[in-house]
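> Next up, run17.csv (CSV, C-alpha atoms and all ligand atoms).
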chain,number,residue,atom,x,y,z
A,1,MET,CA,-28.2,7.3,-26.1
A,2,THR,CA,-31.2,8.5,-24.1
A,3,PRO,CA,-33.4,7.8,-22.2
A,4,ILE,CA,-30.9,6.8,-19.5
A,5,LEU,CA,-32.3,4.3,-17.0
A,6,MET,CA,-30.6,4.8,-13.6
A,7,LEU,CA,-30.7,1.8,-11.3
A,8,GLY,CA,-30.1,3.5,-8.0
A,9,ALA,CA,-29.7,7.3,-7.4
A,10,GLY,CA,-28.1,7.5,-4.0
A,11,ARG,CA,-24.8,9.3,-3.3
A,12,MET,CA,-23.1,8.6,-6.6
A,13,GLY,CA,-26.1,8.5,-8.9
A,14,GLY,CA,-27.5,11.6,-7.3
A,15,ALA,CA,-24.1,13.4,-7.7
A,16,LEU,CA,-24.2,12.5,-11.4
A,17,ILE,CA,-27.7,13.9,-11.8
A,18,ASP,CA,-26.6,17.1,-10.1
A,19,GLY,CA,-23.5,17.3,-12.4
A,20,TRP,CA,-25.5,16.7,-15.6
A,21,ARG,CA,-28.0,19.4,-14.6
A,22,ALA,CA,-25.2,21.9,-13.9
A,23,ALA,CA,-23.5,21.1,-17.1
A,24,GLY,CA,-26.7,21.1,-19.2
A,25,ALA,CA,-25.7,17.6,-20.4
A,26,PHE,CA,-29.1,15.8,-20.3
A,27,GLN,CA,-32.6,17.0,-19.7
A,28,ALA,CA,-34.4,15.5,-16.7
A,29,SER,CA,-37.0,14.2,-19.2
A,30,GLU,CA,-34.3,11.9,-20.6
A,31,LEU,CA,-34.0,10.1,-17.3
A,32,LEU,CA,-35.8,7.1,-16.0
A,33,ILE,CA,-34.9,6.5,-12.3
A,34,ARG,CA,-35.4,3.4,-10.3
A,35,GLU,CA,-34.7,4.3,-6.7
A,36,PRO,CA,-36.7,3.0,-3.6
A,37,ASN,CA,-35.8,6.0,-1.4
A,38,ALA,CA,-36.9,9.5,-2.3
A,39,ASN,CA,-34.0,12.0,-1.8
A,40,PRO,CA,-33.9,15.7,-2.7
A,41,THR,CA,-32.0,15.1,-6.0
A,42,VAL,CA,-34.5,12.5,-7.2
A,43,GLU,CA,-37.4,14.7,-6.2
A,44,ALA,CA,-35.9,17.7,-8.1
A,45,ALA,CA,-35.4,15.5,-11.1
A,46,ALA,CA,-39.0,14.3,-10.9
A,47,GLN,CA,-40.2,17.9,-10.7
A,48,ALA,CA,-38.1,18.6,-13.8
A,49,GLY,CA,-39.7,15.7,-15.8
A,50,ALA,CA,-37.7,12.6,-14.9
A,51,LEU,CA,-39.8,9.4,-14.6
A,52,ILE,CA,-39.3,7.8,-11.1
A,53,ASN,CA,-39.8,4.1,-10.7
A,54,PRO,CA,-41.4,3.7,-14.1
A,55,ALA,CA,-43.6,0.7,-15.0
A,56,ASP,CA,-41.7,-2.3,-16.4
A,57,GLU,CA,-43.0,-1.8,-20.0
A,58,VAL,CA,-41.4,1.7,-20.0
A,59,LEU,CA,-38.0,0.2,-19.4
A,60,ALA,CA,-37.7,-1.0,-23.0
A,61,ARG,CA,-37.3,2.7,-24.0
A,62,ALA,CA,-34.0,3.0,-22.2
A,63,LYS,CA,-30.9,3.2,-24.6
A,64,THR,CA,-28.4,3.3,-21.7
A,65,VAL,CA,-28.6,1.7,-18.3
A,66,LEU,CA,-26.5,3.1,-15.5
A,67,LEU,CA,-26.0,0.5,-12.8
A,68,ALA,CA,-25.5,2.6,-9.6
A,69,VAL,CA,-26.5,0.4,-6.7
A,70,LYS,CA,-24.1,-0.9,-4.0
A,71,PRO,CA,-22.0,-3.8,-5.3
A,72,GLN,CA,-23.6,-6.2,-2.8
A,73,ILE,CA,-27.1,-5.9,-4.4
A,74,TRP,CA,-26.2,-5.4,-8.1
A,75,ARG,CA,-27.5,-8.9,-9.1
A,76,GLU,CA,-30.9,-8.2,-7.6
A,77,ALA,CA,-31.1,-4.8,-9.3
A,78,ALA,CA,-30.1,-6.4,-12.6
A,79,ALA,CA,-32.6,-9.3,-12.3
A,80,GLU,CA,-35.5,-6.9,-11.7
A,81,VAL,CA,-35.1,-5.1,-15.1
A,82,ALA,CA,-33.0,-7.3,-17.5
A,83,GLN,CA,-35.9,-9.0,-19.2
A,84,HIS,CA,-37.7,-5.7,-19.8
A,85,LEU,CA,-34.8,-3.9,-21.6
A,86,ALA,CA,-34.4,-3.4,-25.3
A,87,PRO,CA,-31.9,-5.9,-26.9
A,88,ASP,CA,-29.6,-3.0,-27.9
A,89,ALA,CA,-29.5,-1.2,-24.5
A,90,VAL,CA,-26.0,-0.6,-23.3
A,91,ILE,CA,-25.0,-1.1,-19.6
A,92,VAL,CA,-22.7,1.3,-17.8
A,93,SER,CA,-21.8,0.1,-14.4
A,94,ILE,CA,-20.3,2.0,-11.5
A,95,ALA,CA,-20.5,-0.9,-9.1
A,96,ALA,CA,-17.0,-1.3,-7.6
A,97,GLY,CA,-15.2,-4.5,-8.4
A,98,VAL,CA,-18.0,-6.3,-10.3
A,99,LYS,CA,-16.6,-7.8,-13.5
A,100,SER,CA,-18.0,-6.9,-16.9
A,101,THR,CA,-18.5,-10.5,-18.0
A,102,ASP,CA,-20.7,-11.1,-14.9
A,103,ILE,CA,-22.6,-7.9,-15.6
A,104,SER,CA,-23.1,-8.7,-19.3
A,105,GLN,CA,-24.4,-12.2,-18.4
A,106,ALA,CA,-26.8,-10.8,-15.8
A,107,PHE,CA,-28.1,-8.4,-18.5
A,108,GLY,CA,-28.7,-11.0,-21.1
A,109,GLY,CA,-25.3,-10.5,-23.0
A,110,ARG,CA,-25.7,-6.8,-23.6
A,111,SER,CA,-22.6,-4.6,-24.1
A,112,VAL,CA,-21.0,-3.3,-20.9
A,113,ALA,CA,-18.7,-0.4,-19.8
A,114,ARG,CA,-17.3,-0.3,-16.3
A,115,VAL,CA,-16.5,3.0,-14.8
A,116,MET,CA,-15.1,4.2,-11.5
A,117,PRO,CA,-16.1,7.9,-10.9
A,118,THR,CA,-15.7,10.3,-8.0
A,119,THR,CA,-18.5,12.3,-6.3
A,120,ALA,CA,-17.0,15.6,-7.6
A,121,VAL,CA,-19.0,14.8,-10.8
A,122,ALA,CA,-21.6,16.8,-8.9
A,123,ILE,CA,-19.6,20.0,-9.5
A,124,GLY,CA,-18.2,19.1,-12.9
A,125,GLN,CA,-14.8,18.1,-11.5
A,126,GLY,CA,-15.2,14.4,-11.3
A,127,THR,CA,-12.6,11.9,-12.3
A,128,THR,CA,-13.8,8.7,-14.0
A,129,SER,CA,-11.8,5.6,-15.0
A,130,ILE,CA,-13.4,3.8,-17.9
A,131,TYR,CA,-13.0,0.2,-19.2
A,132,ALA,CA,-15.0,-1.3,-21.9
A,133,ALA,CA,-14.3,-4.1,-24.4
A,134,SER,CA,-16.5,-2.6,-27.0
A,135,SER,CA,-16.0,0.8,-28.5
A,136,GLU,CA,-19.8,1.5,-28.4
A,137,ALA,CA,-20.0,0.9,-24.7
A,138,ARG,CA,-16.8,3.0,-24.1
A,139,ALA,CA,-18.3,5.9,-26.1
A,140,ARG,CA,-21.5,5.6,-24.1
A,141,ALA,CA,-19.5,5.9,-20.8
A,142,HIS,CA,-17.6,8.9,-22.2
A,143,ALA,CA,-20.9,10.6,-23.1
A,144,LEU,CA,-22.2,10.1,-19.5
A,145,PHE,CA,-19.1,11.1,-17.6
A,146,GLY,CA,-17.2,13.4,-20.0
A,147,PRO,CA,-19.5,16.4,-19.4
A,148,VAL,CA,-18.9,16.2,-15.6
A,149,GLY,CA,-15.1,16.0,-15.4
A,150,THR,CA,-12.0,14.1,-16.6
A,151,ALA,CA,-12.5,10.6,-18.1
A,152,VAL,CA,-9.5,8.2,-18.3
A,153,ASP,CA,-9.6,5.1,-20.5
A,154,LEU,CA,-7.9,2.0,-19.0
A,155,ALA,CA,-6.4,-0.6,-21.4
A,156,GLU,CA,-7.4,-3.6,-19.2
A,157,GLU,CA,-10.3,-4.4,-16.9
A,158,GLU,CA,-7.9,-5.6,-14.1
A,159,LEU,CA,-6.5,-2.0,-13.9
A,160,LEU,CA,-9.9,-0.8,-12.5
A,161,HIS,CA,-8.8,-2.2,-9.1
A,162,ALA,CA,-5.8,0.0,-9.0
A,163,ALA,CA,-7.8,3.0,-10.4
A,164,THR,CA,-10.3,2.5,-7.5
A,165,GLY,CA,-7.4,2.7,-5.0
A,166,VAL,CA,-5.9,5.8,-6.7
A,167,SER,CA,-9.1,7.6,-7.7
A,168,GLY,CA,-12.5,6.2,-6.7
A,169,SER,CA,-11.6,5.9,-3.0
A,170,ALA,CA,-9.1,8.8,-2.9
A,171,PRO,CA,-11.3,11.8,-2.2
A,172,ALA,CA,-11.8,10.2,1.3
A,173,TYR,CA,-8.0,10.1,1.7
A,174,LEU,CA,-7.8,13.9,1.2
A,175,TYR,CA,-10.7,14.5,3.5
A,176,ALA,CA,-9.0,12.4,6.1
A,177,PHE,CA,-5.8,14.3,5.5
A,178,VAL,CA,-7.6,17.7,6.1
A,179,GLU,CA,-9.2,16.3,9.3
A,180,ALA,CA,-5.8,15.3,10.5
A,181,LEU,CA,-4.2,18.6,9.6
A,182,GLU,CA,-6.9,20.5,11.4
A,183,ALA,CA,-6.4,18.3,14.5
A,184,ALA,CA,-2.7,18.8,14.3
A,185,GLY,CA,-3.2,22.6,14.1
A,186,ALA,CA,-5.3,22.5,17.2
A,187,ALA,CA,-2.7,20.3,19.0
A,188,ALA,CA,-0.1,22.9,18.1
A,189,GLY,CA,-2.1,25.6,20.0
A,190,LEU,CA,-4.4,27.2,17.4
A,191,PRO,CA,-8.1,27.7,18.3
A,192,SER,CA,-9.8,24.8,16.5
A,193,GLU,CA,-11.9,27.2,14.3
A,194,ASP,CA,-8.7,28.9,13.1
A,195,ALA,CA,-7.0,25.6,12.5
A,196,SER,CA,-10.0,24.4,10.4
A,197,ARG,CA,-10.1,27.6,8.3
A,198,LEU,CA,-6.3,27.6,7.7
A,199,ALA,CA,-6.1,23.9,6.8
A,200,ARG,CA,-9.1,23.9,4.5
A,201,SER,CA,-8.2,27.0,2.6
A,202,THR,CA,-4.5,26.0,2.3
A,203,ILE,CA,-5.3,22.6,0.9
A,204,THR,CA,-8.0,23.7,-1.6
A,205,GLY,CA,-5.7,26.6,-2.7
A,206,ALA,CA,-2.7,24.3,-3.2
A,207,ALA,CA,-4.9,21.8,-5.1
A,208,ALA,CA,-6.2,24.6,-7.4
A,209,LEU,CA,-2.6,25.7,-8.0
A,210,LEU,CA,-1.6,22.2,-8.9
A,211,ALA,CA,-4.5,22.0,-11.4
A,212,ARG,CA,-3.9,25.4,-12.9
A,213,SER,CA,-0.1,25.7,-13.0
A,214,GLY,CA,0.5,22.5,-15.0
A,215,GLU,CA,3.7,22.0,-12.8
A,216,GLU,CA,4.7,18.7,-11.5
A,217,PRO,CA,3.8,18.2,-7.8
A,218,ALA,CA,7.5,17.5,-7.0
A,219,GLU,CA,8.4,20.9,-8.6
A,220,LEU,CA,5.7,22.8,-6.6
A,221,ARG,CA,6.9,21.0,-3.4
A,222,LYS,CA,10.5,22.2,-4.1
A,223,GLN,CA,9.3,25.7,-4.7
A,224,VAL,CA,7.9,26.0,-1.2
A,225,THR,CA,10.7,24.0,0.6
A,226,SER,CA,13.7,26.1,1.6
A,227,PRO,CA,16.8,24.0,2.6
A,228,GLY,CA,16.9,23.9,6.4
A,229,GLY,CA,13.5,25.6,6.7
A,230,THR,CA,10.2,24.8,8.4
A,231,THR,CA,8.7,22.9,5.5
A,232,GLN,CA,11.7,20.7,5.2
A,233,ALA,CA,11.5,19.9,8.9
A,234,ALA,CA,7.9,18.8,8.4
A,235,LEU,CA,8.6,16.8,5.2
A,236,GLU,CA,11.4,14.9,6.9
A,237,VAL,CA,8.6,13.5,9.2
A,238,LEU,CA,6.0,13.1,6.4
A,239,LEU,CA,8.3,11.5,3.8
A,240,GLY,CA,10.5,9.4,6.1
A,241,GLN,CA,10.4,5.7,6.8
A,242,GLY,CA,6.8,4.6,7.2
A,243,GLY,CA,5.6,8.0,6.1
A,244,LEU,CA,3.2,9.2,3.4
A,245,PRO,CA,4.7,7.2,0.4
A,246,ASP,CA,4.6,4.0,2.4
A,247,LEU,CA,1.2,4.7,3.9
A,248,LEU,CA,-0.4,5.6,0.5
A,249,ARG,CA,1.1,2.5,-1.2
A,250,ASP,CA,-0.4,0.3,1.5
A,251,ALA,CA,-3.7,2.2,1.4
A,252,VAL,CA,-4.0,2.0,-2.4
A,253,ALA,CA,-3.1,-1.7,-2.2
A,254,ALA,CA,-5.8,-2.3,0.5
A,255,ALA,CA,-8.4,-0.6,-1.6
A,256,ALA,CA,-7.4,-2.6,-4.7
A,257,ARG,CA,-7.5,-5.8,-2.7
A,258,ARG,CA,-11.0,-5.0,-1.4
A,259,SER,CA,-12.2,-4.1,-4.9
A,260,LYS,CA,-11.0,-7.6,-6.0
A,261,GLU,CA,-12.8,-9.2,-3.1
A,262,LEU,CA,-16.1,-7.4,-3.9
A,263,GLY,CA,-15.9,-8.7,-7.4
A,264,GLY,CA,-15.9,-12.3,-6.1
B,1,LIG,N1,-20.0,7.0,-3.3
B,1,LIG,C1,-18.8,7.0,-3.9
B,1,LIG,O1,-17.9,7.8,-3.7
B,1,LIG,C2,-18.6,6.0,-5.1
B,1,LIG,C3,-17.4,6.2,-5.9
B,1,LIG,C4,-17.3,5.4,-7.0
B,1,LIG,C5,-18.2,4.3,-7.2
B,1,LIG,N2,-19.2,4.2,-6.4
B,1,LIG,C6,-20.1,3.1,-6.6
B,1,LIG,O2,-21.4,3.6,-6.8
B,1,LIG,C7,-22.4,2.6,-6.4
B,1,LIG,C8,-23.4,3.2,-5.6
B,1,LIG,O3,-22.8,3.7,-4.4
B,1,LIG,P1,-23.5,4.9,-3.6
B,1,LIG,O4,-22.5,5.4,-2.6
B,1,LIG,O5,-24.2,5.8,-4.5
B,1,LIG,O6,-24.6,4.0,-2.8
B,1,LIG,P2,-26.0,4.4,-2.2
B,1,LIG,O7,-25.9,5.9,-1.7
B,1,LIG,O8,-26.4,3.4,-1.3
B,1,LIG,O9,-27.0,4.5,-3.5
B,1,LIG,C9,-27.5,3.3,-4.1
B,1,LIG,C10,-29.0,3.6,-4.1
B,1,LIG,O10,-29.6,2.5,-4.8
B,1,LIG,C11,-30.8,2.1,-4.1
B,1,LIG,N3,-31.3,0.8,-4.5
B,1,LIG,C12,-31.2,-0.3,-3.7
B,1,LIG,N4,-31.7,-1.4,-4.3
B,1,LIG,C13,-32.1,-1.0,-5.5
B,1,LIG,C14,-32.7,-1.6,-6.7
B,1,LIG,N5,-32.9,-2.9,-6.7
B,1,LIG,N6,-32.9,-0.9,-7.8
B,1,LIG,C15,-32.6,0.4,-7.8
B,1,LIG,N7,-32.1,1.1,-6.8
B,1,LIG,C16,-31.8,0.4,-5.6
B,1,LIG,C17,-30.4,2.3,-2.7
B,1,LIG,O11,-31.5,2.3,-1.8
B,1,LIG,P3,-31.3,1.6,-0.3
B,1,LIG,O12,-30.5,2.6,0.4
B,1,LIG,O13,-32.7,1.5,0.1
B,1,LIG,O14,-30.6,0.3,-0.5
B,1,LIG,C18,-29.6,3.6,-2.7
B,1,LIG,O15,-30.5,4.7,-2.6
B,1,LIG,C19,-21.6,1.5,-5.7
B,1,LIG,O16,-21.6,0.3,-6.5
B,1,LIG,C20,-20.2,2.0,-5.5
B,1,LIG,O17,-19.3,1.0,-5.7
B,1,LIG,C21,-19.5,5.0,-5.3
Could you spell out this file's structure in structure tokens?


Amino acid sequence: MTPILMLGAGRMGGALIDGWRAAGAFQASELLIREPNANPTVEAAAQAGALINPADEVLARAKTVLLAVKPQIWREAAAEVAQHLAPDAVIVSIAAGVKSTDISQAFGGRSVARVMPTTAVAIGQGTTSIYAASSEARARAHALFGPVGTAVDLAEEELLHAATGVSGSAPAYLYAFVEALEAAGAAAGLPSEDASRLARSTITGAAALLARSGEEPAELRKQVTSPGGTTQAALEVLLGQGGLPDLLRDAVAAAARRSKELGG
């Protein structure tokens, strides 16, 4: 399945390169990277043997093509390389919202998998939703993203919009939650440095416990909520009318809607 041709190695492509290196998944010498802007990850990959902005005739060596540019410019990125690729190259796209039939057409009818990863692939804890009509393309996506976290197969392409809302965009929800918790701690009288340390450590610890314990989140919540206690007082605010469940339902729906719009 290598060499892998990466079209774009910005935030997400770069996170993937970092994750592969940490997991020992692919050698840098197996990577061909097209990226107009040098960044530390691309420079490190080049030092380790990756080919950066290879000549057009080299592109025919690529067995797998990872489309990792912003959705707004994916057609341009595809048009630059499609005619130079080998007929059996398989395309794996992380471009949010862009349909696999459109991608396949732009790449001369080649097989396509669509994936929606998270940037935690950089530390081997990514989450990747995968849809592919062909089993070969699905296997290729698993080979790329399996070594750097959890990969979830979706039965229908349409479900990628919801998966984007629940997973692809969701790390930002958690970071926003932590920011708000820190600000609330400061508003409740804590020095802001203490509020930050308390909020960050508490949230990352609680997330690790959720991951390790195997318990349902509702069960873990009940375990730390005494009737009539402090946590219950807070949860009555958080889970009440217009609270977290309503907000997250609306937020996920907004992300899914935007994903559809980006797909055109
Ligand atoms: N970031 C996330 O958390 C996340 C999560 C899931 C999926 N995604 C998806 O990942 C894709 C990339 O997002 P990103 O955040 O990594 O964007 P990004 O940081 O802008 O990276 C894309 C890179 O591609 C470069 N590029 C532009 N035109 C190119 C071309 N014709 N050929 C090759 N490379 C080109 C860009 O350079 P310039 O800056 O010069 O344009 C940029 O460095 C998007 O489709 C997004 O939907 C991102």

> Excluding Thr118 (chain A) and any residue of its chain fewer than 5 positions from it, enumerate the residues within 8 Å of it, using all atoms listed in the file, and give them as a PyMOL selection string.

chain A and resi 12+126-128+167-169+171

> With a cut-off of 7 Å, could you pull out the residues of chain A touching ligand LIG 1 (chain B) and give me the nearest pair of atoms for each, distance in Å to one decimal, using only C-alpha atoms and all ligand atoms, ordered by chain and ascending number, as CSV?


residue,atom,partner,partner_atom,distance
A:Leu7,CA,B:LIG1,C15,4.2
A:Gly8,CA,B:LIG1,N7,3.3
A:Ala9,CA,B:LIG1,C10,5.0
A:Gly10,CA,B:LIG1,O9,3.2
A:Arg11,CA,B:LIG1,O5,3.7
A:Met12,CA,B:LIG1,O5,3.7
A:Gly13,CA,B:LIG1,O5,5.5
A:Arg34,CA,B:LIG1,C15,4.8
A:Glu35,CA,B:LIG1,N7,4.1
A:Pro36,CA,B:LIG1,O11,5.5
A:Asn37,CA,B:LIG1,O15,5.6
A:Ala68,CA,B:LIG1,C7,4.5
A:Val69,CA,B:LIG1,C9,4.0
A:Lys70,CA,B:LIG1,O16,3.7
A:Pro71,CA,B:LIG1,O16,4.3
A:Ile73,CA,B:LIG1,N4,6.4
A:Glu76,CA,B:LIG1,N5,5.7
A:Ala77,CA,B:LIG1,N5,3.7
A:Glu80,CA,B:LIG1,N5,6.9
A:Ile94,CA,B:LIG1,C6,5.0
A:Ala95,CA,B:LIG1,O16,3.1
A:Ala96,CA,B:LIG1,O17,3.8
A:Met116,CA,B:LIG1,C4,5.2
A:Pro117,CA,B:LIG1,C4,4.8
A:Thr118,CA,B:LIG1,C3,4.9
A:Thr119,CA,B:LIG1,O1,5.2
A:Gly168,CA,B:LIG1,C4,4.9
A:Ser169,CA,B:LIG1,C3,6.5

> Determine, counting all atoms listed in the file, which protein, DNA and RNA residues have an atom within 7 Å of an atom of region 109-115 of chain A; residues of the same chain fewer than 2 positions away are not included. Present the result as a ChimeraX atom specification.

/A:88-94,100,104-105,107,117,128-132,137-138,141

> For Ala38 (chain A), which residue among A:Val65, A:Gly97, A:Ile52, A:Ala162 is the nearest when counting all atoms listed in the file?

A:Ile52

> May I ask for the distance between CA of Ala233 (chain A) and CA of Ala176 (chain A), given in Å to one decimal place?

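Going from CA of Ala233 (chain A) over to CA of Ala176 (chain A), I get 22.0 Å.
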
> Please provide the set of residues having any atom within 8 Å of Ser192 (chain A), restricted to only C-alpha atoms, with same-chain residues fewer than 3 positions apart removed, written as a ChimeraX atom specification.

/A:182-183,185-186,195-196

> For the atom pair CA of Gln125 (chain A) and CA of Leu239 (chain A), what is the interatomic distance in Å to one decimal place?

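Answer for the CA of Gln125 (chain A) to CA of Leu239 (chain A) separation: 28.5 Å.
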
> How far is it from CA of Leu247 (chain A) to CA of Pro191 (chain A), in Å with one decimal?

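For CA of Leu247 (chain A) relative to CA of Pro191 (chain A), the distance reads 28.7 Å.
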
> Write out as a list of chain:residue names which residues come within 12 Å of Ile123 (chain A) when counting only C-alpha atoms, dropping same-chain ones fewer than 2 positions away.

A:Gly14, A:Ala15, A:Leu16, A:Ile17, A:Asp18, A:Gly19, A:Trp20, A:Arg21, A:Ala22, A:Ala23, A:Thr118, A:Thr119, A:Ala120, A:Val121, A:Gln125, A:Gly126, A:Thr127, A:Pro147, A:Val148, A:Gly149, A:Thr150

> With all atoms listed in the file as the basis for distance, which of A:Ala188, A:Met1, A:Ala86, A:Ala55 is at the shortest distance from Glu136 (chain A)?

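Result for the nearest residue to Glu136 (chain A): A:Met1.
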
> Pick the closest to Ala139 (chain A) from A:Val58, A:Ala151, A:Ala254, A:Leu238: which is it, counting all atoms listed in the file?

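Among the listed residues, the smallest separation from Ala139 (chain A) belongs to A:Ala151.
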
> Please complete region 191-199 of chain A with all heavy atoms and give it back as a PDB file, keeping the file's coordinate frame.


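New file rebuild_33.pdb:
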ATOM      1  N   PRO A 191      -6.660  27.948  18.044  1.00  0.00           N
ATOM      2  CA  PRO A 191      -8.100  27.700  18.300  1.00  0.00           C
ATOM      3  C   PRO A 191      -8.595  26.801  17.155  1.00  0.00           C
ATOM      4  O   PRO A 191      -8.187  26.972  15.997  1.00  0.00           O
ATOM      5  CB  PRO A 191      -8.718  29.091  18.230  1.00  0.00           C
ATOM      6  CG  PRO A 191      -7.587  30.038  18.470  1.00  0.00           C
ATOM      7  CD  PRO A 191      -6.342  29.378  17.930  1.00  0.00           C
ATOM      8  N   SER A 192      -9.483  25.852  17.472  1.00  0.00           N
ATOM      9  CA  SER A 192      -9.800  24.800  16.500  1.00  0.00           C
ATOM     10  C   SER A 192     -10.494  25.472  15.233  1.00  0.00           C
ATOM     11  O   SER A 192     -10.302  25.015  14.107  1.00  0.00           O
ATOM     12  CB  SER A 192     -10.669  23.722  17.047  1.00  0.00           C
ATOM     13  OG  SER A 192     -11.871  24.237  17.497  1.00  0.00           O
ATOM     14  N   GLU A 193     -11.238  26.564  15.426  1.00  0.00           N
ATOM     15  CA  GLU A 193     -11.900  27.200  14.300  1.00  0.00           C
ATOM     16  C   GLU A 193     -10.799  27.780  13.320  1.00  0.00           C
ATOM     17  O   GLU A 193     -10.899  27.666  12.091  1.00  0.00           O
ATOM     18  CB  GLU A 193     -12.810  28.307  14.733  1.00  0.00           C
ATOM     19  CG  GLU A 193     -13.733  28.778  13.624  1.00  0.00           C
ATOM     20  CD  GLU A 193     -14.605  29.945  14.076  1.00  0.00           C
ATOM     21  OE1 GLU A 193     -15.026  29.943  15.252  1.00  0.00           O
ATOM     22  OE2 GLU A 193     -14.837  30.837  13.256  1.00  0.00           O
ATOM     23  N   ASP A 194      -9.773  28.378  13.910  1.00  0.00           N
ATOM     24  CA  ASP A 194      -8.700  28.900  13.100  1.00  0.00           C
ATOM     25  C   ASP A 194      -7.946  27.789  12.359  1.00  0.00           C
ATOM     26  O   ASP A 194      -7.597  27.894  11.183  1.00  0.00           O
ATOM     27  CB  ASP A 194      -7.688  29.717  13.931  1.00  0.00           C
ATOM     28  CG  ASP A 194      -8.307  31.000  14.492  1.00  0.00           C
ATOM     29  OD1 ASP A 194      -9.403  31.369  14.032  1.00  0.00           O
ATOM     30  OD2 ASP A 194      -7.688  31.604  15.393  1.00  0.00           O
ATOM     31  N   ALA A 195      -7.694  26.697  13.118  1.00  0.00           N
ATOM     32  CA  ALA A 195      -7.000  25.600  12.500  1.00  0.00           C
ATOM     33  C   ALA A 195      -7.786  25.026  11.323  1.00  0.00           C
ATOM     34  O   ALA A 195      -7.225  24.727  10.253  1.00  0.00           O
ATOM     35  CB  ALA A 195      -6.790  24.447  13.549  1.00  0.00           C
ATOM     36  N   SER A 196      -9.121  24.951  11.458  1.00  0.00           N
ATOM     37  CA  SER A 196     -10.000  24.400  10.400  1.00  0.00           C
ATOM     38  C   SER A 196      -9.905  25.363   9.160  1.00  0.00           C
ATOM     39  O   SER A 196      -9.726  24.910   8.029  1.00  0.00           O
ATOM     40  CB  SER A 196     -11.421  24.331  10.823  1.00  0.00           C
ATOM     41  OG  SER A 196     -11.507  23.397  11.847  1.00  0.00           O
ATOM     42  N   ARG A 197     -10.067  26.663   9.397  1.00  0.00           N
ATOM     43  CA  ARG A 197     -10.100  27.600   8.300  1.00  0.00           C
ATOM     44  C   ARG A 197      -8.731  27.582   7.545  1.00  0.00           C
ATOM     45  O   ARG A 197      -8.666  27.569   6.315  1.00  0.00           O
ATOM     46  CB  ARG A 197     -10.383  29.018   8.745  1.00  0.00           C
ATOM     47  CG  ARG A 197     -11.830  29.190   9.152  1.00  0.00           C
ATOM     48  CD  ARG A 197     -12.114  30.621   9.553  1.00  0.00           C
ATOM     49  NE  ARG A 197     -11.960  31.551   8.441  1.00  0.00           N
ATOM     50  CZ  ARG A 197     -11.670  32.842   8.585  1.00  0.00           C
ATOM     51  NH1 ARG A 197     -11.459  33.348   9.778  1.00  0.00           N
ATOM     52  NH2 ARG A 197     -11.568  33.620   7.531  1.00  0.00           N
ATOM     53  N   LEU A 198      -7.650  27.582   8.328  1.00  0.00           N
ATOM     54  CA  LEU A 198      -6.300  27.600   7.700  1.00  0.00           C
ATOM     55  C   LEU A 198      -6.067  26.317   6.924  1.00  0.00           C
ATOM     56  O   LEU A 198      -5.592  26.360   5.786  1.00  0.00           O
ATOM     57  CB  LEU A 198      -5.242  27.740   8.818  1.00  0.00           C
ATOM     58  CG  LEU A 198      -5.127  29.127   9.446  1.00  0.00           C
ATOM     59  CD1 LEU A 198      -4.241  29.075  10.700  1.00  0.00           C
ATOM     60  CD2 LEU A 198      -4.570  30.126   8.443  1.00  0.00           C
ATOM     61  N   ALA A 199      -6.404  25.169   7.519  1.00  0.00           N
ATOM     62  CA  ALA A 199      -6.100  23.900   6.800  1.00  0.00           C
ATOM     63  C   ALA A 199      -6.948  23.768   5.561  1.00  0.00           C
ATOM     64  O   ALA A 199      -6.412  23.457   4.485  1.00  0.00           O
ATOM     65  CB  ALA A 199      -6.439  22.720   7.788  1.00  0.00           C
TER      66      ALA A 199
END
